[in-house]
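As structure tokens, the structure follows; a few thoughts come after it.
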Amino acid sequence: RKEVEQDPGPFNVPEGATVAFNCTYSNSASQSFFWYRQDCRKEPKLLMSVYSSGNEDGRFTAQLNRASQYISLLIRDSKLSDSATYLCVVNIASSASKIIFGSGTRLSIRP
Amino acid sequence: GAGVSQSPSNKVTEKGKDVELRCDPISGHTALYWYRQRLGQGLEFLIYFQGNSAPDKSGLPSDRFSAERTGESVSTLTIQRTQQEDSAVYLCASSPQGNQPQHFGDGTRLSIL
């Protein structure tokens, strides 16, 4: 089983739709969680950190479920510019080196 | 402001040659990471530096790969006797401390002929 798993997609949704992705992790000692986005042929960029109580940044909401060991990303009122690959990132235990990137979920927003 | 800088941005070389990739992290960032990303695939962790030390080299795919960091700043990733399967984008990232979000450079696109 992979340490971090994501549905690869692609998710193809119309502009304005709400879309959600999940990411599961296997190590219960995982401590920090992040969502990155990566545009085609570009470097990953931090989208948002994920806090235990859940957090929101504009149209984006991230949640953490420690009991079930998954994090989620919800995008409301999706825009064409949201088309990208979304990477789930998990920091396992207290070792800074154990930062694991998921393979990413591809999202395509159509007009 | 200055972000993570990588050079060269593109490198094309013949199989069997050695290549050296450079990463200049954000000033003051103690943690530095190297990743490899093959076309259409996810990030593959290579190595992590805390200061000038590399506590985790577990991701280096073979002994042809090595990396060093000096002055808690610049890092170089060296690939000896390159093979075609080494073709990929090599990404460097830095963060102020471990456990904090990473900032990525634009990457070096390496093509082995």
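Letters A, B, ... mark the chains of the structure tokens in the order given; residue numbers begin at 1 per chain; ligand numbers begin at 1, in order shown.
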Find the residues in chain A near chain B: any atom within 10 Å counts, using only C-alpha atoms. Write them as a PyMOL selection string. chain A and resi 31-36+40-49+85+87+89-104
Do a neighbour search on Ile71 (chain A) at 7 Å with only C-alpha atoms, toss out local chain neighbours closer than 2 positions, and write the hits as number ranges by chain. A: 22-24, 63-65
Could you give me, as a count of residues only, each residue of chain B that DSSP assigns to strand (DSSP E or B) when run on this structure's backbone? 57
Using only C-alpha atoms for the distances, tell me which of A:Ser108, A:Ser53, A:Ser26, A:Ser83 is nearest to Gln69 (chain A). A:Ser26
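Here CA of Asn52 (chain B) and CA of Ser30 (chain A) stand 25.5 Å from one another.
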Within 10 Å of Lys17 (chain B), counting only C-alpha atoms, which residues show up once you throw out same-chain ones fewer than 2 positions away? Write them as a CSV table (one decimal) with N, CA, C and O atoms, in the first residue's frame, please.
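Once written, selection.csv looks like this:
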```csv
chain,number,residue,atom,x,y,z
B,13,THR,N,22.2,16.0,-23.0
B,13,THR,CA,23.5,15.4,-23.0
B,13,THR,C,23.5,14.0,-23.5
B,13,THR,O,22.4,13.4,-23.6
B,14,GLU,N,24.6,13.5,-23.9
B,14,GLU,CA,24.7,12.2,-24.4
B,14,GLU,C,24.8,11.2,-23.3
B,14,GLU,O,25.4,11.4,-22.2
B,15,LYS,N,24.3,10.0,-23.5
B,15,LYS,CA,24.4,8.9,-22.6
B,15,LYS,C,25.8,8.7,-22.2
B,15,LYS,O,26.7,8.7,-23.1
B,19,VAL,N,26.6,14.8,-15.4
B,19,VAL,CA,25.9,16.2,-15.4
B,19,VAL,C,25.9,16.7,-13.9
B,19,VAL,O,25.8,15.8,-13.0
B,79,ILE,N,25.0,13.5,-11.4
B,79,ILE,CA,24.6,12.2,-12.0
B,79,ILE,C,25.8,11.8,-12.9
B,79,ILE,O,26.1,12.5,-13.9
B,80,GLN,N,26.4,10.7,-12.5
B,80,GLN,CA,27.5,10.2,-13.3
B,80,GLN,C,27.0,9.1,-14.3
B,80,GLN,O,26.0,8.4,-14.1
B,81,ARG,N,27.7,9.1,-15.4
B,81,ARG,CA,27.5,8.0,-16.4
B,81,ARG,C,26.0,8.0,-16.7
B,81,ARG,O,25.3,6.9,-16.6
B,82,THR,N,25.4,9.1,-17.2
B,82,THR,CA,24.0,9.2,-17.3
B,82,THR,C,23.4,8.1,-18.3
B,82,THR,O,24.1,7.7,-19.2
B,83,GLN,N,22.2,7.7,-17.9
B,83,GLN,CA,21.4,6.7,-18.7
B,83,GLN,C,20.2,7.4,-19.2
B,83,GLN,O,19.7,8.4,-18.7
B,112,ILE,N,18.5,12.9,-21.8
B,112,ILE,CA,19.7,12.0,-22.1
B,112,ILE,C,19.4,11.4,-23.5
B,112,ILE,O,18.4,10.7,-23.7
```
Selection: 6 Å around region 63-77 of chain B, only C-alpha atoms, excl. self and same-chain fewer than 5 positions, as a CSV table (one decimal) with all heavy atoms, in the first residue's frame:
```
chain,number,residue,atom,x,y,z
B,20,GLU,N,25.8,18.0,-13.8
B,20,GLU,CA,25.8,18.6,-12.5
B,20,GLU,C,24.6,19.6,-12.5
B,20,GLU,O,24.6,20.5,-13.4
B,20,GLU,CB,27.1,19.3,-12.2
B,20,GLU,CG,27.3,19.6,-10.7
B,20,GLU,CD,28.7,20.1,-10.5
B,20,GLU,OE1,29.6,19.2,-10.2
B,20,GLU,OE2,29.0,21.3,-10.5
B,21,LEU,N,23.7,19.5,-11.6
B,21,LEU,CA,22.6,20.4,-11.5
B,21,LEU,C,22.7,21.2,-10.2
B,21,LEU,O,23.1,20.7,-9.1
B,21,LEU,CB,21.3,19.6,-11.4
B,21,LEU,CG,21.1,18.4,-12.5
B,21,LEU,CD1,19.8,17.7,-12.3
B,21,LEU,CD2,21.3,19.0,-13.9
B,22,ARG,N,22.4,22.5,-10.3
B,22,ARG,CA,22.6,23.4,-9.2
B,22,ARG,C,21.3,23.9,-8.6
B,22,ARG,O,20.3,24.1,-9.4
B,22,ARG,CB,23.5,24.5,-9.7
B,22,ARG,CG,23.7,25.6,-8.6
B,22,ARG,CD,24.5,26.8,-9.2
B,22,ARG,NE,24.5,27.9,-8.3
B,22,ARG,CZ,25.6,28.3,-7.7
B,22,ARG,NH1,26.7,27.7,-7.8
B,22,ARG,NH2,25.5,29.4,-6.9
B,23,CYS,N,21.3,24.1,-7.3
B,23,CYS,CA,20.1,24.7,-6.7
B,23,CYS,C,20.5,25.8,-5.7
B,23,CYS,O,21.4,25.5,-4.8
B,23,CYS,CB,19.3,23.6,-5.9
B,23,CYS,SG,17.9,24.2,-4.9
B,24,ASP,N,20.0,26.9,-5.8
B,24,ASP,CA,20.2,28.0,-4.9
B,24,ASP,C,18.9,28.2,-4.1
B,24,ASP,O,17.9,28.7,-4.6
B,24,ASP,CB,20.5,29.3,-5.6
B,24,ASP,CG,21.9,29.4,-6.0
B,24,ASP,OD1,22.7,29.9,-5.2
B,24,ASP,OD2,22.2,29.0,-7.2
B,51,GLY,N,20.7,21.8,6.9
B,51,GLY,CA,22.0,22.4,6.9
B,51,GLY,C,22.8,21.8,5.8
B,51,GLY,O,22.3,21.6,4.6
B,52,ASN,N,24.1,21.4,6.1
B,52,ASN,CA,24.9,20.8,5.1
B,52,ASN,C,24.9,19.3,5.1
B,52,ASN,O,25.6,18.6,4.4
B,52,ASN,CB,26.4,21.3,5.2
B,52,ASN,CG,26.5,22.8,4.9
B,52,ASN,OD1,25.8,23.3,4.1
B,52,ASN,ND2,27.5,23.4,5.5
```
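What separates CA of Leu107 (chain A) from CA of Glu85 (chain B) is a distance of 28.0 Å.
Across A:Arg106, A:Lys79, A:Cys88, A:Ser72, the tightest approach to Gly16 (chain A) is made by A:Lys79 when counting only C-alpha atoms.
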Computed interatomic separation between CA of Ser62 (chain B) and CA of Leu110 (chain B) (Å): 17.0 Å
Of the candidates B:Asp18, B:Gly28, B:Pro61, B:Leu113, which one gets nearest to Thr78 (chain B) if we count only C-alpha atoms? B:Asp18
